[in-house]
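Undergrad: Following this line is coords-v1.txt, made up of compact mmCIF, C-alpha atoms and all ligand atoms:
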```
# COMPACT_ATOMS: atom_id res chain seq x y z
CA MET A 15 101.15 166.25 95.06
CA GLY A 16 103.34 163.20 94.62
CA ASP A 17 104.38 161.62 91.39
CA PRO A 18 101.53 160.05 89.40
CA PRO A 19 101.17 156.33 90.03
CA VAL A 20 103.20 154.16 87.72
CA ALA A 21 101.92 150.76 86.64
CA LEU A 22 104.72 148.35 87.46
CA PRO A 23 105.13 145.38 85.16
CA PRO A 24 104.24 142.11 86.87
CA VAL A 25 107.25 140.56 88.59
CA SER A 26 108.28 137.45 86.75
CA LYS A 27 109.43 134.35 88.61
CA PRO A 28 111.48 131.45 87.28
CA TRP A 29 108.52 129.08 87.84
CA ASP A 30 105.93 131.19 86.03
CA HIS A 31 105.63 128.51 83.34
CA TYR A 32 106.41 125.47 85.43
CA VAL A 33 104.14 122.50 85.84
CA VAL A 34 104.22 121.09 89.36
CA ALA A 35 102.74 117.56 89.36
CA ILE A 36 101.41 116.14 92.62
CA ASP A 37 100.23 112.53 92.60
CA GLY A 38 99.30 110.15 95.38
CA PRO A 39 96.55 108.04 96.91
CA SER A 40 93.23 109.30 98.29
CA GLY A 41 93.41 111.61 101.27
CA SER A 42 97.20 111.93 101.24
CA GLY A 43 96.90 115.72 101.19
CA LYS A 44 97.22 116.43 97.46
CA SER A 45 94.49 119.09 97.22
CA SER A 46 95.45 121.05 100.31
CA THR A 47 99.15 120.87 99.52
CA SER A 48 98.67 121.79 95.86
CA ARG A 49 96.49 124.78 96.69
CA GLY A 50 98.95 125.96 99.34
CA VAL A 51 101.88 125.68 96.94
CA ALA A 52 99.98 127.44 94.16
CA VAL A 53 99.03 130.34 96.46
CA ARG A 54 102.60 130.70 97.77
CA LEU A 55 104.13 130.69 94.27
CA GLY A 56 101.42 132.61 92.39
CA LEU A 57 100.50 129.63 90.21
CA ARG A 58 97.17 128.28 88.99
CA TYR A 59 95.74 125.03 90.38
CA LEU A 60 94.01 122.08 88.70
CA ASP A 61 92.27 119.26 90.60
CA THR A 62 92.00 116.43 88.05
CA GLY A 63 90.26 114.21 90.62
CA ALA A 64 87.40 116.73 90.60
CA MET A 65 87.12 116.23 86.83
CA TYR A 66 86.79 112.43 87.22
CA ARG A 67 84.26 113.05 89.96
CA ALA A 68 82.35 115.49 87.72
CA MET A 69 82.22 112.91 84.90
CA THR A 70 80.96 110.34 87.41
CA TRP A 71 78.33 112.73 88.80
CA TRP A 72 77.04 113.30 85.25
CA MET A 73 76.86 109.54 84.53
CA LEU A 74 74.91 108.90 87.74
CA ARG A 75 72.56 111.79 87.02
CA HIS A 76 71.87 110.36 83.55
CA ASP A 77 71.23 106.85 84.94
CA VAL A 78 74.25 105.36 83.18
CA ASP A 79 75.33 102.04 84.70
CA VAL A 80 78.73 103.12 86.04
CA HIS A 81 79.83 99.49 86.39
CA ASP A 82 79.37 98.88 82.67
CA PRO A 83 82.44 100.32 80.86
CA ASN A 84 80.65 100.20 77.47
CA ALA A 85 77.69 102.16 78.79
CA VAL A 86 80.03 104.79 80.25
CA ALA A 87 82.14 104.95 77.09
CA ALA A 88 79.01 105.52 74.94
CA ARG A 89 78.23 108.81 76.75
CA VAL A 90 81.72 110.10 77.47
CA GLU A 91 81.70 112.95 74.95
CA GLU A 92 78.46 114.49 76.26
CA PRO A 93 79.19 116.37 79.49
CA GLU A 94 80.82 119.78 79.26
CA ILE A 95 83.34 119.98 82.11
CA LEU A 96 84.89 123.29 83.09
CA SER A 97 87.51 123.70 85.82
CA GLY A 98 88.29 127.08 87.42
CA THR A 99 91.97 127.28 88.41
CA ASP A 100 92.10 129.92 91.16
CA PRO A 101 93.77 128.11 94.09
CA LEU A 102 91.84 130.30 96.54
CA GLY A 103 88.49 129.27 95.05
CA PRO A 104 88.70 126.39 92.59
CA THR A 105 85.44 125.61 90.81
CA ILE A 106 84.01 122.77 88.75
CA LEU A 107 81.04 123.13 86.42
CA VAL A 108 79.27 120.36 84.50
CA ASP A 109 76.96 121.60 81.75
CA GLY A 110 77.03 124.95 83.54
CA ILE A 111 76.02 123.49 86.93
CA ASP A 112 78.29 124.10 89.93
CA VAL A 113 78.93 120.58 91.26
CA GLY A 114 81.63 121.48 93.77
CA LEU A 115 79.67 119.93 96.64
CA ALA A 116 77.75 117.21 94.80
CA ILE A 117 80.93 115.49 93.57
CA ARG A 118 81.98 114.73 97.18
CA SER A 119 78.93 112.54 97.93
CA ASP A 120 79.22 108.87 99.03
CA GLU A 121 77.52 107.89 95.77
CA VAL A 122 80.24 109.56 93.71
CA ASN A 123 82.97 108.23 96.04
CA ALA A 124 81.76 104.69 95.37
CA ALA A 125 81.47 105.09 91.59
CA VAL A 126 84.43 107.28 90.63
CA SER A 127 87.17 104.64 90.48
CA PRO A 128 85.30 102.34 88.04
CA VAL A 129 84.44 105.34 85.85
CA ALA A 130 88.06 106.56 85.95
CA ALA A 131 89.22 103.12 84.78
CA VAL A 132 87.38 103.47 81.44
CA PRO A 133 90.04 104.34 78.80
CA SER A 134 87.84 106.75 76.82
CA VAL A 135 86.99 108.66 80.01
CA ARG A 136 90.71 109.11 80.59
CA SER A 137 91.46 110.19 77.02
CA ARG A 138 88.62 112.74 77.01
CA LEU A 139 89.70 114.24 80.33
CA LEU A 140 93.39 114.14 79.36
CA GLU A 141 92.59 116.39 76.42
CA ILE A 142 90.82 118.93 78.66
CA GLN A 143 93.62 118.74 81.25
CA ARG A 144 96.33 119.45 78.65
CA ASP A 145 94.25 122.36 77.38
CA VAL A 146 94.02 123.88 80.86
CA ILE A 147 97.74 123.32 81.53
CA GLY A 148 98.57 125.17 78.30
CA GLU A 149 101.86 127.01 78.69
CA GLY A 150 102.18 125.96 82.34
CA GLY A 151 102.27 128.09 85.47
CA ILE A 152 100.16 125.56 87.33
CA VAL A 153 100.10 122.98 90.11
CA VAL A 154 98.21 119.89 88.93
CA GLU A 155 97.15 117.07 91.24
CA GLY A 156 95.85 113.58 90.58
CA ARG A 157 97.06 110.03 90.04
CA ASP A 158 98.83 110.12 86.66
CA ILE A 159 100.04 113.70 86.32
CA GLY A 160 103.77 113.04 86.51
CA SER A 161 103.52 109.81 84.52
CA VAL A 162 100.98 110.58 81.74
CA VAL A 163 99.40 114.05 81.79
CA ALA A 164 102.59 116.10 82.18
CA PRO A 165 105.64 113.83 82.08
CA GLU A 166 107.77 116.92 81.31
CA ALA A 167 106.71 118.64 84.56
CA GLU A 168 109.60 120.55 86.16
CA VAL A 169 108.69 119.23 89.61
CA LYS A 170 107.02 115.92 90.40
CA VAL A 171 105.91 114.89 93.88
CA TYR A 172 104.52 111.54 94.99
CA LEU A 173 102.64 112.38 98.19
CA THR A 174 101.67 109.64 100.63
CA ALA A 175 100.52 109.28 104.23
CA ASP A 176 99.66 106.25 106.35
CA PRO A 177 96.16 104.89 105.68
CA ALA A 178 95.23 105.53 109.32
CA ALA A 179 96.23 109.21 109.07
CA ARG A 180 94.47 109.58 105.73
CA ALA A 181 91.24 108.07 107.08
CA ARG A 182 91.38 110.21 110.24
CA ARG A 183 91.93 113.43 108.29
CA ARG A 184 89.26 112.67 105.69
CA ALA A 185 86.67 111.64 108.32
CA LEU A 186 87.35 114.86 110.23
CA GLU A 187 87.00 116.87 107.02
CA GLU A 188 83.62 115.20 106.41
CA GLY A 189 82.35 116.44 109.78
CA GLY A 190 83.12 113.40 111.91
CA ALA A 191 82.33 110.52 109.54
CA ASP A 192 83.13 106.99 110.75
CA VAL A 193 86.92 106.55 110.53
CA GLU A 194 86.82 102.80 109.82
CA ALA A 195 84.24 103.17 107.03
CA THR A 196 86.24 106.06 105.57
CA ARG A 197 89.42 103.95 105.70
CA GLU A 198 87.70 101.11 103.84
CA SER A 199 86.37 103.48 101.17
CA LEU A 200 89.85 105.03 100.66
CA LEU A 201 91.57 101.65 100.44
CA ALA A 202 88.96 100.26 98.05
CA ARG A 203 89.56 103.21 95.72
CA ASP A 204 93.35 102.92 96.09
CA ALA A 205 93.18 99.27 95.01
CA ILE A 206 91.22 100.07 91.83
CA ASP A 207 93.26 103.23 91.07
CA SER A 208 96.56 101.34 91.44
CA GLY A 209 95.42 98.15 89.71
CA ARG A 210 93.74 99.47 86.55
CA ALA A 211 95.33 98.86 83.16
CA THR A 212 95.25 102.46 81.88
CA SER A 213 97.33 105.09 83.72
CA PRO A 214 97.37 103.45 87.15
CA LEU A 215 98.55 105.34 90.21
CA VAL A 216 102.33 104.94 90.18
CA MET A 217 105.27 106.96 91.37
CA ALA A 218 106.40 108.72 88.18
CA GLU A 219 109.96 108.63 86.97
CA GLY A 220 111.79 111.59 88.48
CA ALA A 221 109.23 112.10 91.26
CA VAL A 222 110.25 112.92 94.83
CA HIS A 223 108.44 110.82 97.43
CA VAL A 224 107.09 112.95 100.28
CA ASP A 225 105.53 111.10 103.23
CA GLY A 226 103.36 113.65 105.01
CA THR A 227 102.20 111.38 107.84
CA ALA A 228 104.23 113.09 110.55
CA HIS A 229 104.21 116.60 109.08
CA THR A 230 101.78 119.47 109.27
CA LEU A 231 100.21 120.79 106.10
CA ASP A 232 102.38 123.93 106.36
CA GLU A 233 105.50 121.80 106.54
CA VAL A 234 104.52 119.77 103.48
CA VAL A 235 103.69 122.94 101.51
CA GLY A 236 107.06 124.41 102.55
CA LEU A 237 108.86 121.31 101.40
CA VAL A 238 107.24 121.33 97.96
CA VAL A 239 107.94 125.08 97.60
CA GLN A 240 111.59 124.28 98.33
CA LEU A 241 111.58 121.62 95.61
CA VAL A 242 110.25 124.18 93.13
CA GLU A 243 112.85 126.73 94.20
CA ALA A 244 115.56 124.09 93.91
CA ALA A 245 114.37 123.22 90.40
CA ALA A 246 114.70 126.93 89.58
CA GLY A 247 118.26 126.86 90.85
CA LEU A 248 117.65 128.97 93.95
CA ARG A 249 119.40 128.18 97.21
CA ALA A 250 117.22 127.69 100.31
CA GLY A 251 116.13 131.04 101.73
CA GLU A 252 117.12 132.99 98.60
CA ARG A 253 114.28 135.06 97.15
CA VAL A 254 113.55 136.29 93.65
CA GLN A 255 112.48 139.93 93.34
N1 LIG B 301 100.06 117.23 106.43
C1 LIG B 301 98.79 117.26 106.88
N2 LIG B 301 98.54 117.19 108.20
C2 LIG B 301 97.29 117.17 108.65
N3 LIG B 301 96.18 117.20 107.89
C3 LIG B 301 96.36 117.27 106.57
C4 LIG B 301 97.66 117.29 105.99
N4 LIG B 301 97.54 117.32 104.64
C5 LIG B 301 96.20 117.33 104.40
N5 LIG B 301 95.49 117.31 105.55
C6 LIG B 301 94.03 117.26 105.70
O1 LIG B 301 93.65 115.96 105.25
C7 LIG B 301 92.41 116.02 104.54
C8 LIG B 301 92.58 115.38 103.16
O2 LIG B 301 93.46 116.17 102.40
P1 LIG B 301 93.25 116.46 100.86
O3 LIG B 301 94.18 117.57 100.52
O4 LIG B 301 91.82 116.61 100.52
O5 LIG B 301 93.79 115.06 100.25
P2 LIG B 301 93.68 114.47 98.78
O6 LIG B 301 93.51 115.62 97.84
O7 LIG B 301 94.98 113.75 98.59
O8 LIG B 301 92.53 113.54 98.79
C9 LIG B 301 92.02 117.49 104.50
O9 LIG B 301 91.08 117.72 105.51
C10 LIG B 301 93.31 118.22 104.78
O10 LIG B 301 93.11 119.46 105.43
N1 LIG B 302 94.47 112.02 87.61
C1 LIG B 302 93.52 111.31 88.23
C2 LIG B 302 92.79 111.90 89.30
C3 LIG B 302 91.81 111.15 89.89
N2 LIG B 302 91.53 109.91 89.43
C4 LIG B 302 90.43 109.11 89.97
C5 LIG B 302 90.85 108.16 91.05
C6 LIG B 302 90.22 108.67 92.32
O1 LIG B 302 89.73 107.63 93.12
C7 LIG B 302 89.10 109.59 91.84
C8 LIG B 302 88.86 110.81 92.69
O2 LIG B 302 90.08 111.52 92.83
P1 LIG B 302 90.29 112.55 94.03
O3 LIG B 302 91.67 113.10 93.85
O4 LIG B 302 89.17 113.51 94.07
O5 LIG B 302 90.19 111.62 95.28
P2 LIG B 302 90.57 112.00 96.76
O6 LIG B 302 90.25 113.44 97.00
O7 LIG B 302 92.05 111.76 96.83
O8 LIG B 302 89.80 111.09 97.60
O9 LIG B 302 89.45 109.97 90.51
C9 LIG B 302 92.26 109.35 88.41
O10 LIG B 302 92.03 108.20 88.04
N3 LIG B 302 93.24 110.08 87.81
```
Taking this structure as input, can you express it in the form of structure tokens?
Ligand SMILES: Nc1ncnc2c1ncn2[C@@H]1O[C@H](COP(=O)(O)OP(=O)(O)O)[C@@H](O)[C@H]1O
Ligand SMILES: Nc1ccn([C@H]2C[C@H](O)[C@@H](COP(=O)(O)OP(=O)(O)O)O2)c(=O)n1
TA:
Amino acid sequence: MGDPPVALPPVSKPWDHYVVAIDGPSGSGKSSTSRGVAVRLGLRYLDTGAMYRAMTWWMLRHDVDVHDPNAVAARVEEPEILSGTDPLGPTILVDGIDVGLAIRSDEVNAAVSPVAAVPSVRSRLLEIQRDVIGEGGIVVEGRDIGSVVAPEAEVKVYLTADPAARARRRALEEGGADVEATRESLLARDAIDSGRATSPLVMAEGAVHVDGTAHTLDEVVGLVVQLVEAAAGLRAGERVQ
């Protein structure tokens, strides 16, 4: 008979309450990088793009004219949007319906940027995002995380990749979609996301620009993990126990 098992207290890490903000254009690798970083560091994960997509899905389903900002604004308080933050299985529910797949449709792709440009959509989702972030311990990805949602984030990354690489990766992910059409859809969204008046896509003050074009996903995840460790004052290769 050995000693009875002892419940060890959870090991605390310097980044347990950090916010890691990852912003960048469509298809630059934000979701995959953020999830990888969150898994490696034991953090939660929030995909704010999925929330804008969920809002858009709801508007389309309720026959709201998504190109009329007043029509969108009139219904903005209605959907209940709930994000699950496990990086190994993030979820998104709208009024209790799992819309994880539905929010990736061409219809939502085409409508999400105009919906995301409506100021009251942004303020409603900002409130939910800040609620989820709470005391931190989370990797959050989107377009305005380092600039607006969490300007106090301990680590801010502006992740980019060449449009050609982004289109190729996204088309592959969508099961061999047309690369040129995918590129046009990405660039059209980039133009609206960067040009809107409220919280446009910008590189936040204090952000580190990471260009992932010539790097594997593992390399980009490793780089961001190093930035977090550096923010915690650890030297490369040093480990916390
Ligand atoms: N550094 C990388 N090298 C190769 N493919 C990548 C890299 N980063 C992401 N990808 C792939 O590119 C596609 C788009 O990435 P994703 O994380 O969804 O981007 P975003 O969230 O910025 O739209 C995914 O299929 C992903 O696996
Ligand atoms: N913080 C955010 C996140 C996304 N958005 C908008 C702009 C984007 O075109 C849509 C969809 O974002 P999403 O990150 O899912 O897009 P991609 O996966 O990069 O193609 O939402 C935003 O305005 N602010």
Undergrad: Kindly extract all protein, DNA and RNA residues lying within 8 Å of the coordinates (102.5, 114.6, 93.3) given in the file, considering all atoms listed in the file, and supply them as a ChimeraX atom specification.
TA: /A:34-38,44,155-157,159-160,170-173,221
Undergrad: Which residue gives the smallest distance to ligand LIG 301 (chain B) among A:Thr230, A:Ser97, A:Thr196, A:Ser134, with all atoms listed in the file counted?
TA: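 Checking each candidate against ligand LIG 301 (chain B), we get A:Thr230 as the closest.
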Undergrad: Identify which of the residues A:Leu215, A:Ala178, A:Ser46, A:Ala116 lies closest to Arg197 in chain A, counting all atoms listed in the file when measuring atom-to-atom distances.
TA: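 Checking each candidate against Arg197 in chain A, we get A:Ala178 as the closest.
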Undergrad: Counting only C-alpha atoms and all ligand atoms, what residues are within 6 Å of ligand LIG 302 (chain B), given as a list in words?
TA: Pro39, Ser40, Gly41, Thr62, Gly63, Ala64, Tyr66, Arg67, Val126, Ser127, Ala130, Gly156, Arg157, Asp158, Ile159, Arg203 and Asp207 of chain A
Undergrad: Would you list the residues that come within 9 Å of ligand LIG 301 (chain B)? Count only C-alpha atoms and all ligand atoms and give the answer as a short mmCIF file (atom, residue, chain, number, x, y, z; two decimals) with C-alpha atoms, keeping the file's coordinate frame.
TA:
```cif
data_model
loop_
_atom_site.label_atom_id
_atom_site.label_comp_id
_atom_site.auth_asym_id
_atom_site.auth_seq_id
_atom_site.Cartn_x
_atom_site.Cartn_y
_atom_site.Cartn_z
CA ASP A 37 100.23 112.53 92.60
CA GLY A 38 99.30 110.15 95.38
CA PRO A 39 96.55 108.04 96.91
CA SER A 40 93.23 109.30 98.29
CA GLY A 41 93.41 111.61 101.27
CA SER A 42 97.20 111.93 101.24
CA GLY A 43 96.90 115.72 101.19
CA LYS A 44 97.22 116.43 97.46
CA SER A 45 94.49 119.09 97.22
CA SER A 46 95.45 121.05 100.31
CA THR A 47 99.15 120.87 99.52
CA SER A 48 98.67 121.79 95.86
CA ARG A 49 96.49 124.78 96.69
CA ASP A 61 92.27 119.26 90.60
CA GLY A 63 90.26 114.21 90.62
CA GLU A 155 97.15 117.07 91.24
CA GLY A 156 95.85 113.58 90.58
CA LEU A 173 102.64 112.38 98.19
CA THR A 174 101.67 109.64 100.63
CA ALA A 175 100.52 109.28 104.23
CA ALA A 179 96.23 109.21 109.07
CA ARG A 180 94.47 109.58 105.73
CA ALA A 181 91.24 108.07 107.08
CA ARG A 182 91.38 110.21 110.24
CA ARG A 183 91.93 113.43 108.29
CA ARG A 184 89.26 112.67 105.69
CA ALA A 185 86.67 111.64 108.32
CA LEU A 186 87.35 114.86 110.23
CA GLU A 187 87.00 116.87 107.02
CA GLU A 188 83.62 115.20 106.41
CA ASP A 225 105.53 111.10 103.23
CA GLY A 226 103.36 113.65 105.01
CA THR A 227 102.20 111.38 107.84
CA ALA A 228 104.23 113.09 110.55
CA HIS A 229 104.21 116.60 109.08
CA THR A 230 101.78 119.47 109.27
CA LEU A 231 100.21 120.79 106.10
CA ASP A 232 102.38 123.93 106.36
CA GLU A 233 105.50 121.80 106.54
CA VAL A 234 104.52 119.77 103.48
CA VAL A 235 103.69 122.94 101.51
#
```
Undergrad: Could you tell me how far CA of Asp120 in chain A lies from CA of Glu94 in chain A, in Å and to one decimal?
TA: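 Interatomic distance here is 22.6 Å.
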Undergrad: Mind pulling up the distance from CA of Thr99 in chain A to CA of Val224 in chain A?
TA: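 Distance reported for this atom pair: 24.0 Å.
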Undergrad: Please indicate the distance in Å from CA of Gly150 in chain A to CA of Pro24 in chain A, rounded to one decimal place.
TA: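 That distance, rounded to one decimal, is 16.9 Å.
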Undergrad: Which neighbours of Ala167 in chain A fall inside 6 Å, counting all atoms listed in the file, when residues of the same chain fewer than 2 positions from it are skipped, and could you give them as a list in words?
TA: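 Answer for this query is Val33, Val34, Ala164, Pro165 and Val169 of chain A.
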Undergrad: Could you write out the selected residues, including C-alpha atoms, as a PDB file, keeping the file's coordinate frame?
TA:
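Wrote it out as out-v7.pdb, contents follow:
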```
ATOM      1  CA  VAL A  33     104.140 122.500  85.840  1.00  0.00           C
ATOM      2  CA  VAL A  34     104.220 121.090  89.360  1.00  0.00           C
ATOM      3  CA  ALA A 164     102.590 116.100  82.180  1.00  0.00           C
ATOM      4  CA  PRO A 165     105.640 113.830  82.080  1.00  0.00           C
ATOM      5  CA  VAL A 169     108.690 119.230  89.610  1.00  0.00           C
TER       6      VAL A 169
END
```
Undergrad: With distances taken over only C-alpha atoms, which residue among A:Glu243, A:Glu219, A:Pro83, A:Ala191 lies nearest Pro128 in chain A?
TA: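 Selected residue with least distance to Pro128 in chain A: A:Pro83.
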Undergrad: Which residue gives the smallest distance to His31 in chain A among A:Met65, A:Val162, A:Leu201, A:Ile147, with all atoms listed in the file counted?
TA: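 Under the stated criterion, the closest residue is A:Ile147.
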Undergrad: May I have the residues within 8 Å of Ala125 in chain A as an mmCIF file with C-alpha atoms, in the frame of the given file, using only C-alpha atoms and disregarding those fewer than 3 positions away in the same chain?
TA:
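Output (part_34.cif):
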```
data_model
loop_
_atom_site.group_PDB
_atom_site.id
_atom_site.type_symbol
_atom_site.label_atom_id
_atom_site.label_comp_id
_atom_site.auth_asym_id
_atom_site.auth_seq_id
_atom_site.Cartn_x
_atom_site.Cartn_y
_atom_site.Cartn_z
ATOM 1 C CA THR A 70 80.960 110.340 87.410
ATOM 2 C CA VAL A 80 78.730 103.120 86.040
ATOM 3 C CA HIS A 81 79.830 99.490 86.390
ATOM 4 C CA GLU A 121 77.520 107.890 95.770
ATOM 5 C CA VAL A 122 80.240 109.560 93.710
ATOM 6 C CA PRO A 128 85.300 102.340 88.040
ATOM 7 C CA VAL A 129 84.440 105.340 85.850
#
```
Undergrad: Which residues come within 12 Å of Ile111 in chain A, counting only C-alpha atoms, excluding same-chain residues fewer than 6 positions away, as a list in words?
TA: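 Once the nearby chain positions are removed, what remains is Ala68, Trp71, Trp72, Pro93, Glu94, Ile95, Leu96, Ser97, Thr105 and Ile117 of chain A.
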Undergrad: Residues of the last selection are to be written out with C-alpha atoms, as a CSV table (one decimal), in the frame of the given file.
TA:
```csv
chain,number,residue,atom,x,y,z
A,68,ALA,CA,82.4,115.5,87.7
A,71,TRP,CA,78.3,112.7,88.8
A,72,TRP,CA,77.0,113.3,85.2
A,93,PRO,CA,79.2,116.4,79.5
A,94,GLU,CA,80.8,119.8,79.3
A,95,ILE,CA,83.3,120.0,82.1
A,96,LEU,CA,84.9,123.3,83.1
A,97,SER,CA,87.5,123.7,85.8
A,105,THR,CA,85.4,125.6,90.8
A,117,ILE,CA,80.9,115.5,93.6
```
Undergrad: Could you tell me which of A:Asp204, A:Ala244, A:Glu198, A:Val135 comes closest to Val86 in chain A if we count only C-alpha atoms?
TA: A:Val135
Undergrad: If you count only C-alpha atoms, which residues fall within 12 Å of Trp29 in chain A, apart from same-chain ones fewer than 4 positions away, as a list of chain:residue names?
TA: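 Residues near the query, excluding close chain neighbours: A:Val25, A:Val33, A:Val34, A:Val51, A:Ala52, A:Arg54, A:Leu55, A:Gly56, A:Leu57, A:Arg58, A:Glu149, A:Gly150, A:Gly151, A:Ile152, A:Val153, A:Ala167, A:Glu168, A:Val169, A:Val239, A:Gln240, A:Leu241, A:Val242, A:Glu243, A:Ala244, A:Ala245, A:Ala246, A:Gly247, A:Leu248, A:Val254.
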Undergrad: Taking only C-alpha atoms into account, which of A:Met73, A:Leu102, A:Ile142, A:Leu200 comes nearest Val53 in chain A?
TA: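 Checking each candidate against Val53 in chain A, we get A:Leu102 as the closest.
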